[in-house]
file work.txt (compact mmCIF, C-alpha atoms)
# COMPACT_ATOMS: atom_id res chain seq x y z
CA MET A 1 38.82 -20.38 39.93
CA ALA A 2 35.50 -21.95 40.91
CA SER A 3 34.98 -25.40 42.37
CA VAL A 4 32.27 -27.02 40.26
CA ILE A 5 30.36 -30.29 40.52
CA VAL A 6 28.90 -31.54 37.22
CA CYS A 7 26.18 -34.21 37.46
CA SER A 8 24.81 -36.57 34.85
CA ALA A 9 22.75 -39.73 34.76
CA PRO A 10 24.76 -42.59 33.19
CA HIS A 11 23.57 -42.37 29.58
CA ASP A 12 25.69 -41.47 26.53
CA GLY A 13 23.29 -38.76 25.37
CA HIS A 14 23.32 -37.17 28.83
CA VAL A 15 27.00 -37.52 29.72
CA SER A 16 28.30 -36.31 26.35
CA PRO A 17 27.01 -32.69 26.48
CA MET A 18 27.94 -32.39 30.15
CA LEU A 19 31.48 -33.59 29.40
CA GLY A 20 31.64 -30.85 26.79
CA VAL A 21 30.80 -28.34 29.50
CA ALA A 22 33.32 -29.90 31.89
CA ARG A 23 36.18 -29.75 29.38
CA ARG A 24 35.62 -26.07 28.72
CA LEU A 25 35.27 -25.28 32.43
CA ILE A 26 38.67 -26.90 33.01
CA ALA A 27 40.19 -25.06 30.03
CA ARG A 28 39.04 -21.80 31.60
CA GLY A 29 40.73 -22.60 34.89
CA HIS A 30 37.92 -24.07 36.98
CA ARG A 31 38.13 -27.23 39.06
CA VAL A 32 35.56 -29.87 38.10
CA ARG A 33 34.30 -32.94 39.90
CA PHE A 34 32.03 -35.06 37.71
CA LEU A 35 29.35 -37.23 39.32
CA THR A 36 28.09 -40.08 37.11
CA GLY A 37 28.20 -43.86 36.58
CA PRO A 38 31.41 -45.95 36.61
CA LYS A 39 31.10 -46.71 32.90
CA TYR A 40 32.22 -43.13 32.25
CA GLU A 41 35.12 -42.91 34.70
CA GLU A 42 37.78 -43.08 31.99
CA ALA A 43 36.03 -40.46 29.85
CA VAL A 44 35.70 -38.15 32.87
CA ARG A 45 39.36 -38.49 33.82
CA SER A 46 40.42 -38.03 30.18
CA ALA A 47 38.55 -34.73 30.19
CA GLY A 48 40.65 -33.60 33.15
CA ALA A 49 37.91 -33.83 35.77
CA GLU A 50 37.85 -35.77 39.04
CA PHE A 51 35.47 -38.72 38.88
CA LEU A 52 32.78 -39.10 41.56
CA PRO A 53 30.76 -42.34 41.47
CA LEU A 54 27.02 -42.51 41.81
CA GLY A 55 25.66 -44.69 44.60
CA PRO A 56 23.70 -47.96 44.51
CA GLY A 57 20.60 -47.86 42.35
CA ALA A 58 21.89 -44.99 40.23
CA GLU A 59 25.24 -46.14 38.89
CA GLU A 60 23.93 -48.03 35.85
CA PRO A 61 21.51 -46.84 33.16
CA PRO A 62 18.01 -48.29 33.56
CA ARG A 63 16.66 -50.66 30.97
CA SER A 64 14.84 -48.99 28.11
CA THR A 65 11.06 -49.11 27.88
CA ASP A 66 8.85 -49.42 24.83
CA ALA A 67 5.97 -47.56 26.47
CA THR A 68 4.55 -44.49 24.78
CA GLY A 69 2.49 -41.46 25.84
CA LEU A 70 1.66 -41.02 29.50
CA GLN A 71 2.78 -44.56 30.37
CA ALA A 72 6.22 -43.67 29.00
CA ILE A 73 6.32 -40.71 31.38
CA ARG A 74 5.27 -42.90 34.33
CA ASP A 75 7.91 -45.49 33.50
CA GLY A 76 10.53 -42.84 32.86
CA VAL A 77 9.92 -41.09 36.16
CA ARG A 78 10.19 -44.36 38.07
CA LEU A 79 13.36 -45.45 36.25
CA LEU A 80 15.08 -42.05 35.98
CA VAL A 81 13.81 -40.16 39.03
CA ILE A 82 12.46 -42.30 41.85
CA ASP A 83 14.65 -45.41 41.68
CA PRO A 84 18.04 -43.64 41.39
CA ALA A 85 17.22 -40.68 43.66
CA ARG A 86 19.08 -41.93 46.74
CA GLY A 87 22.09 -43.05 44.71
CA GLN A 88 22.25 -39.55 43.22
CA TYR A 89 21.43 -37.36 46.19
CA GLU A 90 23.61 -38.92 48.89
CA PRO A 91 26.87 -38.81 46.84
CA LEU A 92 26.06 -35.25 45.75
CA ARG A 93 25.49 -34.07 49.31
CA ALA A 94 28.65 -35.88 50.44
CA ALA A 95 30.69 -34.18 47.71
CA ILE A 96 29.35 -30.75 48.71
CA ALA A 97 30.15 -31.44 52.37
CA ALA A 98 33.64 -32.74 51.59
CA GLU A 99 35.00 -29.39 50.41
CA PRO A 100 33.86 -25.91 49.40
CA THR A 101 31.66 -26.06 46.31
CA ASP A 102 30.82 -22.93 44.36
CA VAL A 103 28.21 -24.27 41.93
CA VAL A 104 26.47 -27.47 40.82
CA LEU A 105 25.63 -28.03 37.16
CA ALA A 106 23.26 -30.92 36.48
CA GLU A 107 21.51 -32.14 33.36
CA ILE A 108 17.74 -31.97 33.55
CA SER A 109 17.06 -35.64 34.29
CA PHE A 110 19.41 -35.68 37.30
CA MET A 111 16.57 -35.19 39.72
CA ALA A 112 18.64 -35.19 42.91
CA THR A 113 19.28 -31.55 42.05
CA SER A 114 15.53 -30.98 42.24
CA ILE A 115 15.86 -31.75 45.95
CA LEU A 116 19.00 -29.64 46.29
CA ALA A 117 17.47 -26.63 44.51
CA ARG A 118 14.59 -26.58 46.99
CA GLN A 119 16.91 -26.41 50.01
CA PRO A 120 17.35 -23.00 51.71
CA ARG A 121 19.78 -20.94 49.62
CA GLY A 122 22.12 -20.44 52.56
CA SER A 123 22.65 -24.18 52.94
CA ARG A 124 23.58 -25.05 49.37
CA PRO A 125 25.62 -23.80 46.41
CA PRO A 126 23.90 -22.31 43.37
CA VAL A 127 22.30 -24.87 41.06
CA ILE A 128 22.35 -24.65 37.26
CA ALA A 129 19.82 -26.89 35.51
CA CYS A 130 21.12 -27.91 32.07
CA GLY A 131 18.45 -28.63 29.47
CA ILE A 132 19.67 -31.59 27.42
CA LEU A 133 16.03 -32.45 26.54
CA PRO A 134 13.26 -30.31 25.06
CA VAL A 135 12.01 -27.85 27.68
CA THR A 136 9.82 -29.71 30.18
CA LEU A 137 8.18 -26.70 31.84
CA SER A 138 4.42 -26.50 32.16
CA SER A 139 2.93 -23.51 30.37
CA ARG A 140 -0.41 -22.02 29.45
CA ASP A 141 0.97 -21.87 25.90
CA CYS A 142 1.93 -25.56 25.57
CA ALA A 143 0.48 -29.00 26.09
CA PRO A 144 2.11 -31.09 28.83
CA PHE A 145 5.55 -32.51 28.15
CA GLY A 146 5.52 -36.02 26.73
CA LEU A 147 2.36 -35.86 24.63
CA GLY A 148 4.15 -34.62 21.52
CA LEU A 149 1.49 -32.00 20.78
CA MET A 150 2.49 -28.79 19.03
CA PRO A 151 1.22 -25.52 20.48
CA GLY A 152 -1.86 -24.00 18.90
CA LYS A 153 -2.98 -20.39 18.69
CA GLY A 154 -5.57 -18.32 20.45
CA PRO A 155 -7.88 -18.86 23.44
CA VAL A 156 -9.10 -22.31 22.33
CA SER A 157 -5.53 -23.59 22.39
CA ARG A 158 -4.99 -22.17 25.86
CA LEU A 159 -8.16 -23.85 27.09
CA ARG A 160 -6.86 -27.14 25.68
CA ASN A 161 -3.51 -26.65 27.38
CA ARG A 162 -5.09 -25.72 30.69
CA ALA A 163 -7.30 -28.80 30.65
CA LEU A 164 -4.47 -31.13 29.64
CA ASN A 165 -2.05 -29.73 32.20
CA TRP A 166 -4.63 -30.17 34.95
CA PHE A 167 -5.50 -33.69 33.83
CA VAL A 168 -1.88 -34.84 33.60
CA SER A 169 -0.79 -33.51 37.00
CA ASN A 170 -4.01 -34.28 38.92
CA VAL A 171 -5.24 -37.49 37.29
CA ALA A 172 -2.92 -39.28 34.86
CA LEU A 173 0.25 -38.68 36.87
CA LYS A 174 -1.28 -38.14 40.30
CA ASP A 175 0.36 -41.26 41.75
CA THR A 176 3.66 -40.35 40.12
CA GLN A 177 3.50 -36.88 41.67
CA ARG A 178 2.85 -38.45 45.07
CA GLN A 179 5.75 -40.90 44.71
CA VAL A 180 8.19 -38.17 43.68
CA ASP A 181 7.06 -35.96 46.55
CA ALA A 182 7.48 -38.80 49.05
CA ARG A 183 11.01 -39.62 47.84
CA MET A 184 12.03 -35.96 47.97
CA ARG A 185 10.76 -35.57 51.53
CA GLU A 186 12.46 -38.80 52.57
CA LEU A 187 15.86 -37.69 51.25
CA GLY A 188 15.89 -33.93 51.64
CA GLY A 189 12.96 -32.92 53.78
CA VAL A 190 11.40 -30.87 50.98
CA GLY A 191 8.50 -31.70 48.70
CA LEU A 192 6.84 -30.53 45.53
CA ASP A 193 4.45 -28.20 47.39
CA GLY A 194 1.88 -28.47 44.64
CA SER A 195 4.25 -27.90 41.72
CA PHE A 196 4.61 -30.36 38.83
CA PHE A 197 7.75 -32.48 39.19
CA LEU A 198 9.00 -31.61 35.66
CA ASP A 199 8.92 -27.90 36.59
CA TRP A 200 11.87 -28.20 38.98
CA PRO A 201 14.21 -26.01 36.81
CA ARG A 202 12.12 -23.03 37.92
CA LYS A 203 13.77 -23.52 41.34
CA ALA A 204 17.30 -23.49 39.91
CA ASP A 205 19.45 -20.39 40.04
CA LEU A 206 19.88 -20.68 36.26
CA PHE A 207 18.07 -22.84 33.71
CA ALA A 208 20.51 -23.24 30.81
CA GLN A 209 18.73 -24.76 27.81
CA PHE A 210 21.01 -26.46 25.29
CA THR A 211 19.17 -25.31 22.16
CA VAL A 212 18.21 -22.08 20.43
CA GLU A 213 14.92 -20.24 20.81
CA GLU A 214 14.07 -21.04 17.19
CA PHE A 215 13.79 -24.73 18.14
CA GLU A 216 11.69 -24.33 21.27
CA TYR A 217 8.05 -23.44 21.78
CA PRO A 218 7.53 -19.85 22.94
CA ARG A 219 6.18 -19.51 26.47
CA SER A 220 4.75 -16.20 27.59
CA ASP A 221 5.03 -17.48 31.18
CA ALA A 222 8.63 -18.71 30.95
CA PRO A 223 10.64 -18.14 34.14
CA ASP A 224 13.20 -15.36 34.33
CA ASN A 225 16.00 -17.88 34.94
CA LEU A 226 15.63 -19.51 31.49
CA ARG A 227 18.46 -18.83 29.00
CA PHE A 228 19.19 -20.40 25.60
CA PHE A 229 22.82 -21.17 24.83
CA GLY A 230 22.59 -23.51 21.84
CA PRO A 231 23.90 -27.08 21.84
CA MET A 232 27.04 -27.63 23.87
CA ALA A 233 28.61 -30.13 21.48
CA ARG A 234 29.44 -28.48 18.15
CA HIS A 235 30.79 -30.45 15.27
CA GLY A 236 34.51 -30.70 14.81
CA VAL A 237 36.49 -33.00 12.56
CA SER A 238 37.21 -36.17 14.49
CA GLY A 239 40.13 -37.46 12.45
CA GLY A 240 38.97 -41.01 13.09
CA ALA A 241 39.18 -43.86 10.59
CA LYS A 242 36.47 -43.95 7.95
CA PRO A 243 34.89 -47.09 6.50
CA ASP A 244 36.30 -48.42 3.24
CA TRP A 245 33.12 -47.45 1.40
CA TRP A 246 33.52 -43.74 2.22
CA GLY A 247 34.48 -42.95 -1.36
CA ASP A 248 30.98 -44.00 -2.47
CA LEU A 249 29.70 -40.75 -0.96
CA ASP A 250 30.95 -38.84 -3.99
CA GLY A 251 27.90 -36.66 -4.57
CA SER A 252 26.62 -38.70 -7.50
CA ARG A 253 23.31 -39.27 -5.71
CA PRO A 254 21.63 -38.07 -2.51
CA VAL A 255 22.79 -39.58 0.79
CA VAL A 256 20.14 -40.61 3.32
CA TYR A 257 21.60 -41.16 6.79
CA VAL A 258 19.62 -43.35 9.21
CA THR A 259 20.41 -44.12 12.83
CA GLN A 260 18.63 -45.12 16.02
CA GLY A 261 21.31 -43.49 18.16
CA THR A 262 23.17 -45.16 21.03
CA VAL A 263 20.26 -45.90 23.41
CA SER A 264 17.17 -47.10 21.52
CA ASN A 265 19.18 -49.26 19.13
CA GLU A 266 18.48 -52.77 20.37
CA ASP A 267 15.78 -53.44 17.77
CA PHE A 268 16.65 -52.37 14.23
CA THR A 269 13.23 -53.45 12.98
CA ALA A 270 11.89 -50.21 14.48
CA LEU A 271 13.46 -47.70 12.06
CA VAL A 272 16.66 -48.87 10.35
CA GLY A 273 15.06 -51.95 8.82
CA PRO A 274 11.99 -50.15 7.42
CA THR A 275 14.25 -47.41 6.04
CA LEU A 276 16.41 -49.93 4.19
CA GLU A 277 13.29 -51.63 2.84
CA GLY A 278 11.52 -48.43 1.87
CA LEU A 279 14.51 -46.92 0.05
CA LYS A 280 16.02 -50.01 -1.60
CA GLU A 281 14.66 -49.07 -5.03
CA GLU A 282 15.30 -45.33 -4.68
CA ASP A 283 18.16 -43.51 -6.43
CA VAL A 284 19.85 -42.68 -3.13
CA THR A 285 22.70 -44.02 -1.02
CA VAL A 286 21.49 -45.12 2.41
CA VAL A 287 24.10 -44.86 5.17
CA VAL A 288 23.47 -46.65 8.49
CA SER A 289 25.16 -46.13 11.84
CA THR A 290 24.39 -48.85 14.39
CA GLY A 291 25.39 -46.73 17.41
CA ARG A 292 28.32 -49.09 18.13
CA ARG A 293 26.25 -52.26 17.96
CA PRO A 294 27.59 -55.14 15.82
CA LEU A 295 26.85 -54.93 12.12
CA SER A 296 25.70 -58.55 12.29
CA GLU A 297 22.56 -57.34 14.08
CA LEU A 298 21.43 -55.40 11.00
CA PRO A 299 19.04 -56.89 8.45
CA PRO A 300 20.55 -57.68 5.03
CA LEU A 301 21.73 -54.52 3.30
CA PRO A 302 20.30 -53.72 -0.15
CA ALA A 303 22.71 -52.76 -2.92
CA ASN A 304 22.32 -49.03 -2.30
CA ALA A 305 23.11 -49.21 1.44
CA ARG A 306 26.34 -48.91 3.44
CA ALA A 307 26.79 -49.44 7.19
CA ALA A 308 29.24 -48.93 10.04
CA GLU A 309 29.13 -49.28 13.81
CA PHE A 310 30.21 -45.66 14.20
CA LEU A 311 30.49 -42.78 11.77
CA PRO A 312 32.19 -39.37 12.11
CA ASP A 313 29.12 -37.15 11.96
CA ALA A 314 31.16 -33.99 11.50
CA GLU A 315 32.50 -35.28 8.19
CA LEU A 316 29.37 -37.21 7.18
CA LEU A 317 26.53 -34.73 7.71
CA PRO A 318 27.79 -32.14 5.19
CA LYS A 319 27.35 -34.92 2.59
CA VAL A 320 23.84 -35.87 3.77
CA ALA A 321 20.61 -34.85 1.99
CA VAL A 322 18.15 -36.33 4.53
CA TYR A 323 18.63 -37.45 8.14
CA VAL A 324 16.30 -40.25 9.28
CA THR A 325 16.25 -40.57 13.05
CA ASN A 326 14.24 -41.70 16.06
CA GLY A 327 14.55 -38.21 17.48
CA GLY A 328 17.46 -38.06 19.93
CA TYR A 329 17.91 -34.41 20.95
CA GLY A 330 21.65 -34.32 20.28
CA GLY A 331 21.36 -35.89 16.84
CA LEU A 332 18.61 -33.48 15.81
CA HIS A 333 20.88 -30.56 16.63
CA TYR A 334 23.82 -32.08 14.76
CA ALA A 335 21.63 -32.36 11.66
CA MET A 336 20.29 -28.82 11.91
CA GLU A 337 23.75 -27.42 12.63
CA ASN A 338 24.58 -28.68 9.14
CA GLY A 339 21.27 -27.56 7.61
CA VAL A 340 20.16 -31.14 6.92
CA PRO A 341 16.38 -31.71 6.73
CA ILE A 342 14.98 -34.47 8.95
CA VAL A 343 12.55 -37.36 8.81
CA VAL A 344 11.87 -38.25 12.44
CA ALA A 345 10.11 -41.29 13.89
CA GLY A 346 10.21 -41.45 17.69
CA ASP A 347 7.53 -42.18 20.28
CA THR A 348 9.37 -43.24 23.44
CA GLU A 349 11.12 -41.28 26.24
CA ASP A 350 11.46 -37.59 25.27
CA LYS A 351 11.43 -38.32 21.54
CA PRO A 352 7.80 -37.32 20.83
CA GLU A 353 8.69 -33.82 22.01
CA GLY A 354 11.80 -33.49 19.84
CA SER A 355 9.91 -34.96 16.89
CA ALA A 356 7.06 -32.47 17.28
CA ARG A 357 9.52 -29.58 17.39
CA VAL A 358 11.07 -30.71 14.10
CA ALA A 359 7.70 -30.33 12.39
CA TRP A 360 6.83 -27.12 14.28
CA ALA A 361 10.14 -25.51 13.23
CA GLY A 362 9.72 -26.60 9.61
CA ALA A 363 12.98 -28.56 9.69
CA GLY A 364 11.48 -31.86 8.57
CA ILE A 365 8.63 -34.36 8.70
CA ASN A 366 7.37 -36.05 11.86
CA LEU A 367 6.04 -39.57 11.16
CA LYS A 368 4.44 -39.64 14.65
CA THR A 369 5.39 -43.23 15.37
CA GLY A 370 8.44 -45.15 16.49
CA ARG A 371 7.79 -47.99 14.05
CA PRO A 372 7.01 -46.41 10.65
CA LYS A 373 6.11 -48.45 7.60
CA PRO A 374 8.66 -48.60 4.74
CA ASP A 375 6.28 -46.77 2.39
CA ALA A 376 5.83 -43.93 4.90
CA ILE A 377 9.59 -43.45 5.15
CA ARG A 378 10.00 -43.58 1.37
CA ASP A 379 7.26 -41.00 0.82
CA ALA A 380 8.66 -38.69 3.51
CA VAL A 381 12.18 -38.89 2.10
CA ARG A 382 10.88 -38.16 -1.38
CA LYS A 383 8.96 -35.14 -0.09
CA VAL A 384 11.92 -33.75 1.83
CA LEU A 385 14.18 -34.16 -1.20
CA SER A 386 11.71 -32.46 -3.54
CA ASP A 387 10.48 -29.64 -1.26
CA GLY A 388 13.19 -27.13 -0.42
CA ARG A 389 11.23 -25.67 2.50
CA TYR A 390 12.48 -28.41 4.82
CA LYS A 391 16.11 -27.78 4.02
CA ALA A 392 15.51 -24.06 4.42
CA GLY A 393 13.92 -24.69 7.82
CA SER A 394 16.87 -26.74 8.99
CA GLN A 395 19.32 -24.14 7.68
CA ARG A 396 17.45 -21.44 9.59
CA ILE A 397 17.95 -23.35 12.84
CA GLY A 398 21.56 -24.05 11.85
CA SER A 399 22.22 -20.33 11.45
CA ALA A 400 20.80 -19.71 14.93
CA ILE A 401 23.01 -22.46 16.33
CA ALA A 402 26.07 -20.92 14.69
CA ALA A 403 25.23 -17.57 16.29
CA SER A 404 24.49 -18.99 19.76
CA PRO A 405 27.06 -18.59 22.57
CA GLY A 406 27.44 -22.28 23.42
CA VAL A 407 29.62 -23.47 26.29
CA ASP A 408 31.49 -20.21 26.71
CA GLY A 409 28.25 -18.29 26.98
CA LEU A 410 27.08 -20.62 29.73
CA ILE A 411 30.36 -20.30 31.61
CA ASP A 412 30.29 -16.51 31.24
CA GLU A 413 26.83 -16.51 32.82
CA MET A 414 27.98 -18.85 35.58
CA GLU A 415 30.97 -16.69 36.40
CA ALA A 416 28.84 -13.54 36.48
CA MET A 417 26.36 -15.28 38.77
CA LEU A 418 29.14 -16.33 41.16
CA ARG A 419 30.63 -12.83 41.24
CA GLU A 420 27.25 -11.51 42.39
CA ASP A 421 26.60 -14.35 44.87
CA PRO A 422 27.10 -13.18 48.48
CA LEU A 423 26.96 -16.80 49.71
CA LYS A 424 29.61 -18.33 47.43
CA SER A 425 32.52 -20.51 48.56
CA ARG A 426 30.59 -22.29 51.27

call {"tool": "encode", "arguments": {"input": "work.txt", "output": "structure tokens"}}
result
Amino acid sequence: MASVIVCSAPHDGHVSPMLGVARRLIARGHRVRFLTGPKYEEAVRSAGAEFLPLGPGAEEPPRSTDATGLQAIRDGVRLLVIDPARGQYEPLRAAIAAEPTDVVLAEISFMATSILARQPRGSRPPVIACGILPVTLSSRDCAPFGLGLMPGKGPVSRLRNRALNWFVSNVALKDTQRQVDARMRELGGVGLDGSFFLDWPRKADLFAQFTVEEFEYPRSDAPDNLRFFGPMARHGVSGGAKPDWWGDLDGSRPVVYVTQGTVSNEDFTALVGPTLEGLKEEDVTVVVSTGRRPLSELPPLPANARAAEFLPDAELLPKVAVYVTNGGYGGLHYAMENGVPIVVAGDTEDKPEGSARVAWAGAGINLKTGRPKPDAIRDAVRKVLSDGRYKAGSQRIGSAIAASPGVDGLIDEMEAMLREDPLKSR
């Protein structure tokens, strides 16, 4: 039995996959302490793990930002990395000191583990970086993370990537780099030493990416510690109550499912509203999930639309012909697991990267904006419904997901790593 600390920033889309890992770790006989915000204490304890609270400045999710492009990265780093760093790192170090700890698993945005991973190996347990977002690593084969640019081919593309990577780290995000470095040195006595702050998983003992290779850009300079395990959360029948309109999904016409997820769902005029408007005259049934927000916050529903605060995706997605989304990483994988083609419209946080990968993989259409016009959504839905290549692309990714090792593969790798670790059980 290993003693494991699992770490997650306090966001639904971050905690959920890490709870999936924690449950399976416990089922396989390992002890788990779960470090996150107090909002998730009940969920952590229900999973069978011991709850560890984050400290001041880290215990609550930061407010969302509407910024896009490089400004979105600047804002995200300040809100997700710099501001909560002390409230993450001090409780983590205290938990490691309190009792022997064999391994720390942390989702990619939990940047306190960036500090931990740079500590001398003899003074810390192994660190596993868990990729719940598209891969952030700099590469000669890819544009910098956050720009939403697909990789090109040949030497011209590499010249573009080299120039953009230099510009982002040395000009556009120079102050951000300096701020991250200063906070790391303040808390842990280690700095970036010239590396880009999003490249920290290279320092981890294992970088476990929660997708399949078919949905990630190839990198000829990828680190040896990178492994693909597929999404951690696989669909299973929830058994929960269904809305009274569920019988309308009888296959008589295509179902278009639209959601803005559980984070960027405070303004339904961004995507849900334009989707309802754009499809109101189409021969489809539009299904809306508000991500647990009140239905009263939705615009008026046209005759061909149905809505609920929460929907059982495992039962719904097999009925869906097109998934319209703002690009949350987990939702994209749920759709592709079921072979559902995607229309994606996201331009904040990590969403430009997930959106670009949808188009790159041939699994759907990227509208390249977070606030698409109704006509653009209508035209994209029509194209996805009429062109079978998008469904085939999503099904291809779905087949790879079905074949991927998932949580058990990650735990197998962790256990093998610990068996070979001469410094374990510190």

call {"tool": "residues_around", "arguments": {"input": "work.txt", "residues": "A:Thr275", "least_positions_apart": "2", "cutoff": "12 Å", "atoms": "all atoms listed in the file", "output": "ChimeraX atom specification"}}
result
/A:256-260,268-273,277-282,284-288,298-299,301-302,304-305,322-326,343-345,371-381

call {"tool": "atom_distance", "arguments": {"input": "work.txt", "atom1": "atom CA of A:Ile115", "atom2": "atom CA of A:Met184"}}
result
6.0 Å

call {"tool": "closest_residue", "arguments": {"input": "work.txt", "among": "A:Val168, A:Gln209, A:Arg45, A:Ile128", "to": "A:Pro405", "atoms": "all atoms listed in the file"}}
result
A:Gln209

call {"tool": "residues_around", "arguments": {"input": "work.txt", "residues": "A:Ile397", "least_positions_apart": "4", "cutoff": "7 Å", "atoms": "all atoms listed in the file", "output": "list in words"}}
result
Glu214, Phe215, Met336, Gly393 and Ile401 of chain A

call {"tool": "write_last_selection", "arguments": {"input": "work.txt", "atoms": "C-alpha atoms", "output": "CSV table (one decimal), in the frame of the given file"}}
result
chain,number,residue,atom,x,y,z
A,214,GLU,CA,14.1,-21.0,17.2
A,215,PHE,CA,13.8,-24.7,18.1
A,336,MET,CA,20.3,-28.8,11.9
A,393,GLY,CA,13.9,-24.7,7.8
A,401,ILE,CA,23.0,-22.5,16.3

call {"tool": "closest_residue", "arguments": {"input": "work.txt", "among": "A:Leu311, A:Met414, A:Ala9, A:Ala47", "to": "A:Arg24", "atoms": "only C-alpha atoms"}}
result
A:Ala47

call {"tool": "closest_residue", "arguments": {"input": "work.txt", "among": "A:Leu52, A:Val32, A:Ala361, A:Leu192", "to": "A:Ala392", "atoms": "only C-alpha atoms"}}
result
A:Ala361

call {"tool": "residues_near_point", "arguments": {"input": "work.txt", "point": "(28.3, -36.0, 9.2)", "cutoff": "9 Å", "atoms": "only C-alpha atoms", "output": "PyMOL selection string"}}
result
chain A and resi 235+257+311-320+334-335+338

call {"tool": "residues_around", "arguments": {"input": "work.txt", "residues": "A:Phe51", "least_positions_apart": "5", "cutoff": "12 Å", "atoms": "all atoms listed in the file", "output": "list in words"}}
result
Ile5, Val6, Cys7, Ser8, Leu19, Ala22, Arg31, Val32, Arg33, Phe34, Leu35, Thr36, Gly37, Pro38, Lys39, Tyr40, Glu41, Glu42, Ala43, Val44, Arg45, Ser46, Pro91 and Ala95 of chain A

call {"tool": "residues_around", "arguments": {"input": "work.txt", "residues": "A:Trp246", "least_positions_apart": "2", "cutoff": "10 Å", "atoms": "all atoms listed in the file", "output": "list in words"}}
result
Lys242, Pro243, Asp244, Asp248, Leu249, Asp250, Val287, Arg306 and Leu316 of chain A

call {"tool": "atom_distance", "arguments": {"input": "work.txt", "atom1": "atom CA of A:Gln177", "atom2": "atom CA of A:Glu107"}}
result
20.4 Å

call {"tool": "atom_distance", "arguments": {"input": "work.txt", "atom1": "atom CA of A:Asp193", "atom2": "atom CA of A:Gln119"}}
result
12.9 Å

call {"tool": "closest_residue", "arguments": {"input": "work.txt", "among": "A:Ala233, A:Leu410, A:Val77, A:Ala400", "to": "A:Leu105", "atoms": "all atoms listed in the file"}}
result
A:Leu410

call {"tool": "residues_near_point", "arguments": {"input": "work.txt", "point": "(0.8, -22.0, 29.0)", "cutoff": "9 Å", "atoms": "all atoms listed in the file", "output": "ChimeraX atom specification"}}
result
/A:138-143,158,161-162,165,219-222

call {"tool": "residues_around", "arguments": {"input": "work.txt", "residues": "A:His11", "least_positions_apart": "5", "cutoff": "12 Å", "atoms": "all atoms listed in the file", "output": "list of chain:residue names"}}
result
A:Ser16, A:Pro17, A:Met18, A:Leu19, A:Thr36, A:Gly37, A:Pro38, A:Lys39, A:Tyr40, A:Ala58, A:Glu59, A:Glu60, A:Pro61, A:Pro62, A:Arg63, A:Ser64, A:Leu80, A:Glu107, A:Ser109, A:Phe110, A:Ile132, A:Gly261, A:Thr262, A:Val263, A:Ser264

call {"tool": "closest_residue", "arguments": {"input": "work.txt", "among": "A:Val340, A:Leu367, A:Leu164, A:Met111", "to": "A:Gly87", "atoms": "only C-alpha atoms"}}
result
A:Met111

call {"tool": "closest_residue", "arguments": {"input": "work.txt", "among": "A:Lys351, A:Leu418, A:Ala208, A:Val15", "to": "A:Ser3", "atoms": "all atoms listed in the file"}}
result
A:Leu418
